[in-house]
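*Asks:* Sharing protein07.cif below, mmCIF, C-alpha atoms and all ligand atoms:
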data_coords
loop_
_atom_site.label_atom_id
_atom_site.label_comp_id
_atom_site.auth_asym_id
_atom_site.auth_seq_id
_atom_site.Cartn_x
_atom_site.Cartn_y
_atom_site.Cartn_z
CA MET Z 1 4.52 115.46 301.11
CA ASP Z 2 3.12 117.86 298.49
CA THR Z 3 3.09 116.45 294.98
CA ILE Z 4 2.76 117.78 291.45
CA LEU Z 5 1.15 115.73 288.70
CA VAL Z 6 2.58 116.19 285.20
CA VAL Z 7 0.33 115.15 282.31
CA ASN Z 8 1.16 114.58 278.65
CA ALA Z 9 -2.08 113.66 276.91
CA GLY Z 10 -2.20 112.35 273.33
CA SER Z 11 -4.93 110.88 271.15
CA SER Z 12 -4.64 107.29 272.39
CA SER Z 13 -2.64 107.55 275.60
CA VAL Z 14 -2.15 109.77 278.63
CA LYS Z 15 1.33 109.75 280.12
CA PHE Z 16 1.80 111.07 283.64
CA GLN Z 17 4.50 111.56 286.24
CA VAL Z 18 4.33 112.47 289.90
CA PHE Z 19 6.93 114.72 291.53
CA GLY Z 20 7.32 115.21 295.26
CA VAL Z 21 8.02 118.77 296.44
CA GLU Z 22 10.77 118.47 299.01
CA SER Z 23 12.06 121.12 301.37
CA GLY Z 24 13.63 124.05 299.58
CA ASN Z 25 11.20 123.44 296.71
CA THR Z 26 13.35 120.67 295.24
CA LEU Z 27 11.44 118.34 292.94
CA LYS Z 28 11.88 114.59 293.18
CA ARG Z 29 10.30 112.18 290.68
CA GLN Z 30 8.17 109.57 292.42
CA MET Z 31 6.66 107.68 289.51
CA ARG Z 32 6.02 107.46 285.79
CA GLY Z 33 2.84 106.02 284.36
CA GLN Z 34 0.51 105.91 281.44
CA VAL Z 35 -2.96 104.92 280.43
CA ASP Z 36 -2.94 103.64 276.86
CA GLY Z 37 -5.36 101.79 274.60
CA ILE Z 38 -8.01 104.46 275.30
CA GLY Z 39 -11.41 103.33 274.00
CA THR Z 40 -10.08 99.94 272.85
CA HIS Z 41 -7.99 98.07 275.46
CA PRO Z 42 -7.37 100.61 278.22
CA ARG Z 43 -4.49 99.76 280.50
CA LEU Z 44 -2.96 101.66 283.40
CA ARG Z 45 0.71 101.08 284.10
CA ALA Z 46 3.01 102.86 286.51
CA THR Z 47 6.51 102.34 287.86
CA GLY Z 48 8.43 103.85 290.76
CA PRO Z 49 11.85 105.48 290.60
CA ASP Z 50 13.53 102.08 290.92
CA ARG Z 51 11.34 100.80 288.03
CA ALA Z 52 9.31 98.68 290.47
CA VAL Z 53 5.85 98.07 289.03
CA LEU Z 54 3.27 100.08 291.00
CA ALA Z 55 0.28 99.30 288.79
CA ASP Z 56 -0.56 97.21 285.75
CA ARG Z 57 -4.26 96.80 285.24
CA ALA Z 58 -6.74 96.59 282.39
CA PHE Z 59 -10.09 98.37 282.13
CA ALA Z 60 -13.19 97.68 280.05
CA ALA Z 61 -13.21 99.79 276.87
CA ALA Z 62 -16.42 101.51 278.00
CA ALA Z 63 -14.85 102.48 281.33
CA VAL Z 64 -12.12 104.54 279.64
CA PRO Z 65 -13.69 105.78 276.39
CA ASP Z 66 -11.71 109.01 275.99
CA VAL Z 67 -8.73 111.05 277.15
CA PRO Z 68 -10.42 112.77 280.14
CA ALA Z 69 -11.60 109.35 281.36
CA ALA Z 70 -8.03 108.07 281.09
CA LEU Z 71 -6.72 110.88 283.27
CA ALA Z 72 -9.61 110.29 285.68
CA ALA Z 73 -8.64 106.59 285.91
CA ALA Z 74 -5.06 107.53 286.77
CA GLY Z 75 -6.23 110.25 289.18
CA ASN Z 76 -8.62 107.87 290.99
CA TRP Z 77 -5.88 105.29 291.37
CA LEU Z 78 -3.44 107.88 292.74
CA ARG Z 79 -5.99 109.34 295.14
CA GLU Z 80 -7.77 106.22 296.36
CA GLU Z 81 -4.96 103.68 296.51
CA LEU Z 82 -1.80 105.75 296.97
CA HIS Z 83 -3.48 108.69 298.76
CA ILE Z 84 -1.73 111.10 296.42
CA GLY Z 85 -3.67 114.31 295.85
CA PRO Z 86 -1.52 116.70 293.83
CA ILE Z 87 -1.35 120.36 294.84
CA ALA Z 88 -1.25 121.24 291.12
CA ILE Z 89 -1.28 119.66 287.67
CA GLY Z 90 1.13 120.69 284.92
CA HIS Z 91 0.09 119.85 281.36
CA ARG Z 92 2.08 119.63 278.20
CA VAL Z 93 0.22 121.65 275.57
CA VAL Z 94 1.70 121.62 272.11
CA HIS Z 95 0.55 125.07 270.99
CA GLY Z 96 0.57 128.35 272.86
CA GLY Z 97 -0.17 130.35 269.70
CA PRO Z 98 1.49 133.68 268.94
CA ASP Z 99 1.07 135.24 272.38
CA HIS Z 100 2.22 132.70 274.95
CA ASP Z 101 5.97 132.91 275.52
CA ALA Z 102 5.72 131.27 278.96
CA PRO Z 103 3.59 128.74 280.81
CA VAL Z 104 0.26 129.97 282.07
CA ARG Z 105 -2.10 129.09 284.88
CA VAL Z 106 -5.31 127.87 283.28
CA SER Z 107 -8.64 129.56 283.86
CA ALA Z 108 -11.85 129.21 281.84
CA GLU Z 109 -10.78 132.28 279.80
CA VAL Z 110 -7.27 130.93 279.15
CA LEU Z 111 -8.73 127.58 278.11
CA GLN Z 112 -11.04 129.31 275.67
CA ARG Z 113 -8.07 131.11 274.14
CA LEU Z 114 -6.04 127.90 273.87
CA GLU Z 115 -8.96 126.24 272.11
CA ARG Z 116 -8.53 128.79 269.31
CA TYR Z 117 -5.19 127.15 268.51
CA ILE Z 118 -6.76 123.76 267.79
CA SER Z 119 -6.67 124.60 264.08
CA LEU Z 120 -2.90 125.15 264.37
CA ALA Z 121 -2.32 121.66 265.85
CA PRO Z 122 -5.43 119.57 265.17
CA LEU Z 123 -3.79 116.24 265.97
CA HIS Z 124 -2.48 117.26 269.39
CA GLN Z 125 -4.14 120.35 270.86
CA PRO Z 126 -7.66 118.87 271.35
CA TYR Z 127 -6.24 115.92 273.31
CA ASN Z 128 -3.97 118.18 275.38
CA LEU Z 129 -6.90 120.43 276.31
CA ALA Z 130 -9.66 117.85 276.93
CA PRO Z 131 -8.33 116.65 280.30
CA ILE Z 132 -7.67 120.26 281.40
CA ARG Z 133 -11.28 121.12 280.67
CA SER Z 134 -12.57 118.11 282.55
CA VAL Z 135 -10.37 118.73 285.63
CA LEU Z 136 -11.42 122.40 285.61
CA ALA Z 137 -15.07 121.30 285.73
CA ARG Z 138 -14.66 118.54 288.33
CA PHE Z 139 -11.92 119.99 290.55
CA PRO Z 140 -11.93 123.76 290.00
CA ASP Z 141 -9.71 124.33 293.04
CA ILE Z 142 -6.74 122.32 291.72
CA PRO Z 143 -4.39 124.77 289.99
CA GLN Z 144 -3.55 123.69 286.45
CA VAL Z 145 -0.64 125.03 284.42
CA ALA Z 146 -0.30 124.77 280.64
CA CYS Z 147 3.30 124.44 279.40
CA PHE Z 148 3.76 124.96 275.68
CA ASP Z 149 6.11 123.35 273.17
CA THR Z 150 6.14 126.63 271.26
CA ALA Z 151 6.82 129.06 274.14
CA PHE Z 152 10.62 128.77 274.24
CA HIS Z 153 10.83 129.88 270.59
CA ARG Z 154 8.57 132.92 270.84
CA GLY Z 155 11.51 135.27 271.19
CA HIS Z 156 12.60 134.61 267.58
CA SER Z 157 13.31 137.67 265.47
CA PRO Z 158 10.74 138.57 262.79
CA LEU Z 159 13.20 137.22 260.22
CA ALA Z 160 13.02 133.78 261.83
CA ASP Z 161 9.31 133.98 262.64
CA ARG Z 162 7.97 134.81 259.17
CA TYR Z 163 7.18 132.98 255.96
CA ALA Z 164 7.35 134.90 252.68
CA ILE Z 165 3.59 135.06 252.43
CA PRO Z 166 1.19 137.99 252.82
CA GLU Z 167 1.09 139.68 256.21
CA LYS Z 168 -2.59 138.83 256.71
CA LEU Z 169 -1.75 135.15 257.19
CA TYR Z 170 1.00 136.03 259.67
CA ALA Z 171 -1.52 138.08 261.64
CA GLU Z 172 -3.85 135.07 261.66
CA GLY Z 173 -1.10 132.98 263.23
CA VAL Z 174 0.65 131.36 260.27
CA ARG Z 175 4.15 131.66 261.73
CA ARG Z 176 7.32 129.64 262.17
CA TYR Z 177 6.65 128.60 265.76
CA GLY Z 178 9.12 125.78 266.34
CA PHE Z 179 8.42 122.90 268.76
CA HIS Z 180 10.14 120.67 271.36
CA GLY Z 181 10.54 123.90 273.35
CA LEU Z 182 10.26 122.23 276.76
CA SER Z 183 13.12 119.92 275.84
CA TYR Z 184 15.30 122.80 274.65
CA GLU Z 185 14.46 124.85 277.70
CA TYR Z 186 15.52 121.95 279.93
CA ILE Z 187 18.84 121.71 278.06
CA ALA Z 188 19.34 125.49 278.34
CA ALA Z 189 18.82 125.21 282.10
CA ALA Z 190 21.18 122.21 282.37
CA LEU Z 191 24.06 123.71 280.34
CA PRO Z 192 25.53 125.90 283.12
CA GLN Z 193 26.02 122.80 285.31
CA ILE Z 194 26.94 120.23 282.66
CA ALA Z 195 28.81 122.36 280.12
CA PRO Z 196 29.62 125.69 281.79
CA GLU Z 197 31.94 126.67 278.95
CA LEU Z 198 28.92 126.67 276.62
CA ALA Z 199 26.47 128.59 278.79
CA GLY Z 200 26.01 131.98 277.19
CA LYS Z 201 27.44 130.76 273.89
CA ARG Z 202 26.08 129.62 270.49
CA VAL Z 203 24.88 126.04 270.74
CA ILE Z 204 23.01 123.76 268.34
CA VAL Z 205 20.79 121.31 270.21
CA ALA Z 206 19.58 118.26 268.29
CA HIS Z 207 16.44 116.70 269.77
CA LEU Z 208 16.45 113.39 267.90
CA GLY Z 209 13.58 111.10 268.86
CA SER Z 210 10.59 109.80 266.95
CA GLY Z 211 9.89 113.48 266.50
CA ALA Z 212 13.09 115.33 265.62
CA SER Z 213 14.15 118.95 265.39
CA MET Z 214 17.15 121.16 266.06
CA CYS Z 215 17.38 124.48 267.82
CA ALA Z 216 19.93 127.27 267.47
CA MET Z 217 20.43 128.56 270.99
CA ASP Z 218 22.38 131.74 271.65
CA GLY Z 219 23.01 132.57 275.29
CA GLY Z 220 20.39 130.05 276.42
CA ARG Z 221 17.69 131.52 274.17
CA SER Z 222 16.23 130.01 271.02
CA VAL Z 223 16.99 132.07 267.93
CA GLU Z 224 16.07 129.58 265.19
CA SER Z 225 14.44 126.18 264.82
CA THR Z 226 14.19 123.61 262.05
CA MET Z 227 10.45 123.31 262.73
CA GLY Z 228 7.91 125.88 261.66
CA PHE Z 229 4.14 126.29 261.56
CA THR Z 230 3.62 122.64 262.45
CA ALA Z 231 5.77 119.81 263.72
CA LEU Z 232 6.01 118.49 260.14
CA ASP Z 233 8.86 120.72 258.99
CA GLY Z 234 12.62 120.38 259.24
CA LEU Z 235 14.30 117.03 259.84
CA PRO Z 236 12.89 113.71 258.61
CA MET Z 237 11.23 111.92 261.53
CA GLY Z 238 9.84 108.47 262.32
CA THR Z 239 6.72 108.97 260.21
CA ARG Z 240 6.89 112.66 259.14
CA PRO Z 241 8.84 113.83 256.09
CA GLY Z 242 10.47 116.98 257.41
CA GLN Z 243 11.14 119.72 254.89
CA LEU Z 244 8.98 119.22 251.82
CA ASP Z 245 8.35 121.46 248.83
CA PRO Z 246 4.70 122.61 249.18
CA GLY Z 247 4.42 121.71 245.51
CA VAL Z 248 4.45 118.05 246.59
CA VAL Z 249 1.31 118.70 248.63
CA LEU Z 250 -0.33 120.36 245.61
CA TYR Z 251 0.65 117.34 243.51
CA LEU Z 252 -0.95 114.96 246.02
CA ALA Z 253 -4.17 116.99 245.90
CA THR Z 254 -4.42 117.64 242.18
CA GLU Z 255 -2.78 114.60 240.59
CA LYS Z 256 -3.53 111.95 243.21
CA GLY Z 257 -6.94 113.29 244.22
CA MET Z 258 -6.11 113.09 247.91
CA SER Z 259 -8.38 114.97 250.29
CA PRO Z 260 -6.96 117.29 252.99
CA ALA Z 261 -7.66 114.54 255.56
CA ASP Z 262 -5.84 111.94 253.41
CA ILE Z 263 -2.86 114.26 253.00
CA GLN Z 264 -2.78 114.97 256.73
CA THR Z 265 -2.71 111.27 257.60
CA PHE Z 266 -0.09 110.64 254.91
CA LEU Z 267 2.22 113.42 256.12
CA TYR Z 268 1.93 112.60 259.83
CA LYS Z 269 1.85 108.80 259.67
CA ASP Z 270 3.26 107.36 256.43
CA CYS Z 271 6.34 109.40 255.54
CA GLY Z 272 9.72 109.97 257.18
CA LEU Z 273 11.93 107.00 258.00
CA LYS Z 274 8.94 104.68 257.66
CA GLY Z 275 7.94 105.88 254.20
CA LEU Z 276 11.51 106.11 252.95
CA SER Z 277 12.60 102.68 254.14
CA GLY Z 278 9.38 100.74 253.80
CA VAL Z 279 10.80 98.85 256.80
CA SER Z 280 10.15 100.76 260.04
CA ASN Z 281 9.82 104.15 261.70
CA ASP Z 282 12.00 102.93 264.57
CA MET Z 283 15.67 103.83 264.41
CA ARG Z 284 16.77 100.71 266.29
CA GLU Z 285 15.00 98.46 263.79
CA LEU Z 286 16.46 100.39 260.87
CA GLN Z 287 19.98 100.10 262.27
CA ASP Z 288 19.54 96.37 262.84
CA SER Z 289 17.94 95.73 259.45
CA GLY Z 290 19.95 94.23 256.60
CA ASP Z 291 17.65 95.94 254.06
CA ALA Z 292 19.46 98.49 251.87
CA ARG Z 293 16.42 100.82 252.06
CA ALA Z 294 16.73 100.89 255.85
CA GLN Z 295 20.38 101.91 255.56
CA PHE Z 296 19.41 104.58 253.02
CA ALA Z 297 16.84 106.01 255.45
CA VAL Z 298 19.48 106.19 258.19
CA ASP Z 299 21.93 107.87 255.78
CA TYR Z 300 19.20 110.33 254.75
CA PHE Z 301 18.49 111.21 258.40
CA VAL Z 302 22.19 111.89 259.01
CA TYR Z 303 22.53 113.90 255.79
CA ARG Z 304 19.58 116.15 256.60
CA ILE Z 305 20.85 116.77 260.13
CA GLY Z 306 24.16 117.90 258.61
CA LEU Z 307 22.40 120.24 256.18
CA ASN Z 308 20.23 121.75 258.90
CA ALA Z 309 23.21 122.19 261.24
CA GLY Z 310 24.76 124.38 258.52
CA MET Z 311 21.58 126.45 258.40
CA LEU Z 312 21.45 126.90 262.18
CA ALA Z 313 25.15 127.77 262.36
CA ALA Z 314 24.51 130.43 259.72
CA ALA Z 315 21.64 131.82 261.82
CA MET Z 316 24.13 132.41 264.68
CA SER Z 317 27.13 133.29 262.46
CA GLY Z 318 28.96 130.31 263.94
CA VAL Z 319 28.63 127.63 266.55
CA ASP Z 320 30.47 127.03 269.84
CA GLY Z 321 28.94 123.71 270.91
CA PHE Z 322 26.65 120.88 269.89
CA VAL Z 323 24.27 118.86 272.10
CA PHE Z 324 22.53 115.55 271.36
CA THR Z 325 19.33 114.68 273.19
CA ALA Z 326 16.13 112.48 273.04
CA GLY Z 327 15.81 108.76 272.19
CA ILE Z 328 18.22 108.54 269.24
CA GLY Z 329 20.54 111.34 270.37
CA GLU Z 330 20.93 109.90 273.87
CA ASN Z 331 21.21 106.23 272.97
CA SER Z 332 22.83 105.67 269.60
CA PRO Z 333 26.64 106.10 269.52
CA LYS Z 334 26.59 104.96 265.89
CA LEU Z 335 24.23 107.72 264.78
CA ARG Z 336 26.08 110.32 266.86
CA ALA Z 337 29.36 109.30 265.21
CA ALA Z 338 27.83 109.49 261.72
CA ILE Z 339 26.32 112.93 262.45
CA ALA Z 340 29.56 114.20 264.01
CA GLY Z 341 31.29 113.17 260.77
CA LYS Z 342 29.07 115.69 258.93
CA LEU Z 343 29.96 118.42 261.43
CA ALA Z 344 33.76 118.27 261.12
CA TRP Z 345 33.74 121.50 259.07
CA LEU Z 346 31.98 123.17 262.04
CA GLY Z 347 34.87 122.23 264.34
CA VAL Z 348 33.53 118.94 265.70
CA SER Z 349 36.03 116.21 266.50
CA LEU Z 350 34.52 113.21 268.27
CA ASP Z 351 36.25 111.09 270.92
CA ALA Z 352 35.27 107.61 269.72
CA ALA Z 353 35.79 105.97 273.11
CA ALA Z 354 33.85 108.63 275.04
CA ASN Z 355 31.04 108.34 272.50
CA ALA Z 356 30.93 104.54 272.69
CA GLU Z 357 30.95 104.65 276.50
CA GLY Z 358 28.04 107.09 276.53
CA ARG Z 359 29.86 109.82 278.43
CA SER Z 360 28.43 113.30 278.71
CA LEU Z 361 31.29 115.08 276.88
CA ILE Z 362 31.97 113.05 273.72
CA SER Z 363 34.34 115.33 271.77
CA ARG Z 364 38.14 115.21 271.92
CA PRO Z 365 39.79 117.56 274.42
CA GLY Z 366 41.06 119.80 271.60
CA SER Z 367 37.79 119.82 269.63
CA PRO Z 368 37.09 123.50 268.74
CA THR Z 369 33.38 122.70 269.11
CA PRO Z 370 32.64 120.58 272.20
CA VAL Z 371 29.90 117.97 271.80
CA TYR Z 372 27.73 116.79 274.69
CA VAL Z 373 25.02 114.20 275.23
CA ILE Z 374 22.43 115.55 277.69
CA PRO Z 375 19.36 113.45 278.49
CA THR Z 376 16.30 115.66 278.22
CA ASP Z 377 13.57 115.88 280.85
CA GLU Z 378 10.50 117.69 279.58
CA GLU Z 379 8.38 116.44 282.49
CA LEU Z 380 10.73 117.91 285.09
CA MET Z 381 10.60 121.18 283.15
CA ILE Z 382 6.79 121.12 283.35
CA ALA Z 383 6.90 120.33 287.08
CA ARG Z 384 9.32 123.24 287.64
CA HIS Z 385 7.09 125.64 285.73
CA THR Z 386 4.02 124.45 287.60
CA LEU Z 387 5.67 124.95 290.97
CA ALA Z 388 7.06 128.32 289.90
CA LEU Z 389 3.58 129.57 289.02
CA LEU Z 390 2.24 128.39 292.39
CA ALA Z 391 5.05 129.98 294.37
CA PRO Z 392 6.56 132.68 292.18
CA GLY Z 393 9.36 133.79 294.51
CA PRO Z 394 11.76 131.00 295.38
CA ILE Z 395 11.37 128.70 292.38
CA ARG Z 396 11.57 131.45 289.83
CA SER Z 397 14.84 132.73 291.23
CA GLN Z 398 16.23 129.22 291.49
CA TYR Z 399 15.23 128.55 287.88
CA GLU Z 400 16.60 131.82 286.57
CA ARG Z 401 19.96 131.12 288.18
CA ALA Z 402 19.96 127.72 286.51
CA SER Z 403 19.11 129.11 283.11
P1 LIG M 1 11.87 109.28 271.72
O1 LIG M 1 10.75 109.76 270.85
O2 LIG M 1 12.72 110.38 272.26
O3 LIG M 1 11.42 108.32 272.78
O4 LIG M 1 12.85 108.41 270.78
C1 LIG M 1 12.39 107.28 270.09
C2 LIG M 1 13.41 106.90 269.02
O5 LIG M 1 14.68 106.64 269.67
C3 LIG M 1 13.04 105.63 268.25
O6 LIG M 1 13.29 105.82 266.86
C4 LIG M 1 14.01 104.62 268.81
O7 LIG M 1 14.32 103.61 267.87
C5 LIG M 1 15.22 105.48 269.08
N1 LIG M 1 16.17 104.81 269.99
C6 LIG M 1 16.02 104.52 271.30
N2 LIG M 1 17.09 103.83 271.75
C7 LIG M 1 17.93 103.68 270.69
C8 LIG M 1 19.20 103.07 270.50
N3 LIG M 1 19.83 102.45 271.49
N4 LIG M 1 19.76 103.12 269.26
C9 LIG M 1 19.13 103.74 268.25
N5 LIG M 1 17.93 104.34 268.37
C10 LIG M 1 17.34 104.31 269.57
#
How does the structure come out when it is put into structure tokens?
Ligand code: AMP
*Replies:*
Amino acid sequence: MDTILVVNAGSSSVKFQVFGVESGNTLKRQMRGQVDGIGTHPRLRATGPDRAVLADRAFAAAAVPDVPAALAAAGNWLREELHIGPIAIGHRVVHGGPDHDAPVRVSAEVLQRLERYISLAPLHQPYNLAPIRSVLARFPDIPQVACFDTAFHRGHSPLADRYAIPEKLYAEGVRRYGFHGLSYEYIAAALPQIAPELAGKRVIVAHLGSGASMCAMDGGRSVESTMGFTALDGLPMGTRPGQLDPGVVLYLATEKGMSPADIQTFLYKDCGLKGLSGVSNDMRELQDSGDARAQFAVDYFVYRIGLNAGMLAAAMSGVDGFVFTAGIGENSPKLRAAIAGKLAWLGVSLDAAANAEGRSLISRPGSPTPVYVIPTDEELMIARHTLALLAPGPIRSQYERAS
């Protein structure tokens, strides 16, 4: 059977999934895996659809020194032991810059253009691109598709896309991009099946995981996001602060003598729920902790989500539905209940039993604003895009019907 390999490469790990292409171009997930501990204690792990362990093996640090080597280790295992040779590889790439509003098949020229956006996402883009470059050199005949976290938001109006700074910086690419676009796009495509009454309407989608943002979606299209130029803005996250007065950054530089590199590490790794609580960046640990600072961090998270929901509702002049997704949104009834409490003025009335049971529709039958929990699937979205670019006809039309 034809297969598609989906790759999500970060600085210290490469996650991958394999999808089988069944008749009628239906995609079926065959496995999830990752190579982590790159350059230190590399380890390849993979599980099948029934969570059966397919691989769990360690490598010498020198054998997997970098991200391309990690993907090569996974690729060799797939090819040599499972005889899986994908017909295409779909990559998650955080930044598509100002021009990419859709996934793109990668060529040497496209790769060169995407490398220009490294300065816009220095912690992610180089690691996303390195394995693409290496596959292009070693296996130039395997089609590769770059799927961007920014693309779904590129249709924002100029009002949503701009900062109040001189035009020159906008032209250079300093824009309010928004992220988690593959997740939002998946939800937009799932709404007609799961919540048909909301398809075509004004929906706030809350992607609440270790990274967190919210999207105002009108008629299945993103019109506003809580994130901006980088994935630092908006909601507080596991280790990122969310919205922060730029004056705080100036203070860190001038009064604390922190270098740009120090500030970058601080903002990406030491703030958010971790910095606020001093306990953990992990929502489960915070909820289980008896420490008052942990409870405060949880309350802060809920409060900021409420504030930002007001902002997104204003962007759409109202809201018809609300969707929770990602690690916290999908799995924590307690957090969902607390957040729903902040949304009562927007017409949200939660059904406590449905929420506790983890049903899909968790609002009361009469709730003016229905609330859903929809598990996201960014990897499936990437696989769909990859297949669509290989075979434009059938998949595209299937996808467009779904969205
Ligand atoms: P993600 O980045 O989407 O994988 O989400 C990771 C976040 O989801 C972490 O903060 C986890 O603590 C949180 N999470 C996962 N399961 C639960 C749960 N049952 N209750 C609360 N938080 C959870």
*Asks:* Have a look at CA of Glu167 (chain Z) and CA of Gly228 (chain Z) and let me know their distance in Å, one decimal.
*Replies:* 16.3 Å
*Asks:* Taking only C-alpha atoms and all ligand atoms into account, which residues are within 12 Å of ligand LIG 1 (chain M), as number ranges by chain?
*Replies:* Z: 180, 183, 206-213, 236-239, 272-274, 280-289, 297-298, 301, 324-336, 356, 358, 375-378
*Asks:* Report, in Å with one decimal, the straight-line distance from CA of Val348 (chain Z) to CA of Ala309 (chain Z).
*Replies:* 11.7 Å
*Asks:* My list of candidates is Z:Ile132, Z:Val104, Z:Ala195, Z:Leu387. Which is closest to Pro86 (chain Z) when distances are computed with all atoms listed in the file?
*Replies:*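 So, comparing all the options, the nearest one is Z:Leu387.
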*Asks:* May I ask which of the residues Z:Asp56, Z:Arg221, Z:Pro98, Z:Pro241 is the closest one to Gly200 (chain Z), counting all atoms listed in the file?
*Replies:*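 For Gly200 (chain Z), the nearest of the candidates is Z:Arg221.
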*Asks:* Kindly indicate which residue among Z:Gly242, Z:Gly234, Z:Gly321, Z:Gly341 lies nearest to Val373 (chain Z), using all atoms listed in the file for the distances.
*Replies:* Z:Gly321
*Asks:* Once 3 Å is added on each side, what are the centre and the three edge lengths, in Å to one decimal, of the axis-aligned box enclosing the listed atoms of region 104-107 of chain Z? Present them as JSON.
*Replies:*
{"center_x": -4.2, "center_y": 128.9, "center_z": 283.5, "size_x": 14.9, "size_y": 8.1, "size_z": 8.8}
*Asks:* Using only C-alpha atoms, determine which residues lie at most 7 Å from Gly33 (chain Z), disregarding the query and same-chain residues fewer than 2 positions distant; provide the list as a VMD selection string.
*Replies:* chain Z and resid 15 to 17 31 45 to 47
*Asks:* Can you pull out the residues contacting Ala146 (chain Z)? Cut-off 10 Å, using all atoms listed in the file, and skip same-chain residues under 2 positions away; I want them as a PyMOL selection string.
*Replies:* chain Z and resi 7+89-96+102-106+110-111+114+128-129+132+144+148-149+382+385-386
*Asks:* For Ile339 (chain Z), list every protein, DNA or RNA residue within 8 Å, evaluated using all atoms listed in the file, and leave out those in the same chain fewer than 6 positions away; present the list as JSON, numbers by chain.
*Replies:* {"Z": [302, 303, 305, 306]}
*Asks:* How many Å separate CA of Asn25 (chain Z) from CA of Ala199 (chain Z)?
*Replies:*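 Result for CA of Asn25 (chain Z) versus CA of Ala199 (chain Z): 24.1 Å, one decimal.
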*Asks:* Find the residue from Z:Val145, Z:Met1, Z:Ala60, Z:Ala73 that sits nearest to Gln34 (chain Z); use only C-alpha atoms when measuring.
*Replies:*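 For Gln34 (chain Z), the nearest of the candidates is Z:Ala73.
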*Asks:* May I have the residues within 12 Å of Phe152 (chain Z) as an NGL selection string, using all atoms listed in the file and disregarding those fewer than 2 positions away in the same chain?
*Replies:* :Z and (94-103 or 147-150 or 154-156 or 177-189 or 215-217 or 220-225 or 381)
*Asks:* Which residues are close to Val14 (chain Z), i.e. within 7 Å by only C-alpha atoms, leaving aside same-chain residues fewer than 5 positions away? Reply as a list in words.
*Replies:*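 So, after excluding close chain neighbours, the residues are Val7, Asn8, Ala9, Gln34, Val35, Asp36, Val67, Ala70 and Leu71 of chain Z.
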*Asks:* Could you check the closest approach to Ser12 (chain Z) for each of Z:Ile204, Z:Val64, Z:Ile142, Z:Ala340 and tell me which residue wins, using all atoms listed in the file?
*Replies:* Z:Val64
*Asks:* Given only C-alpha atoms as the basis, pick out the residue of Z:Asp218, Z:Tyr127, Z:Leu136, Z:Gln30 nearest to Ser317 (chain Z).
*Replies:*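 Closest to Ser317 (chain Z), using only C-alpha atoms: Z:Asp218.
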*Asks:* Given the point (17.5, 128.8, 260.9) in the file's coordinates, find the residues that have an atom at most 7 Å from it, counting all atoms listed in the file, and give them as a PyMOL selection string.
*Replies:* chain Z and resi 160+224-226+311-312+315
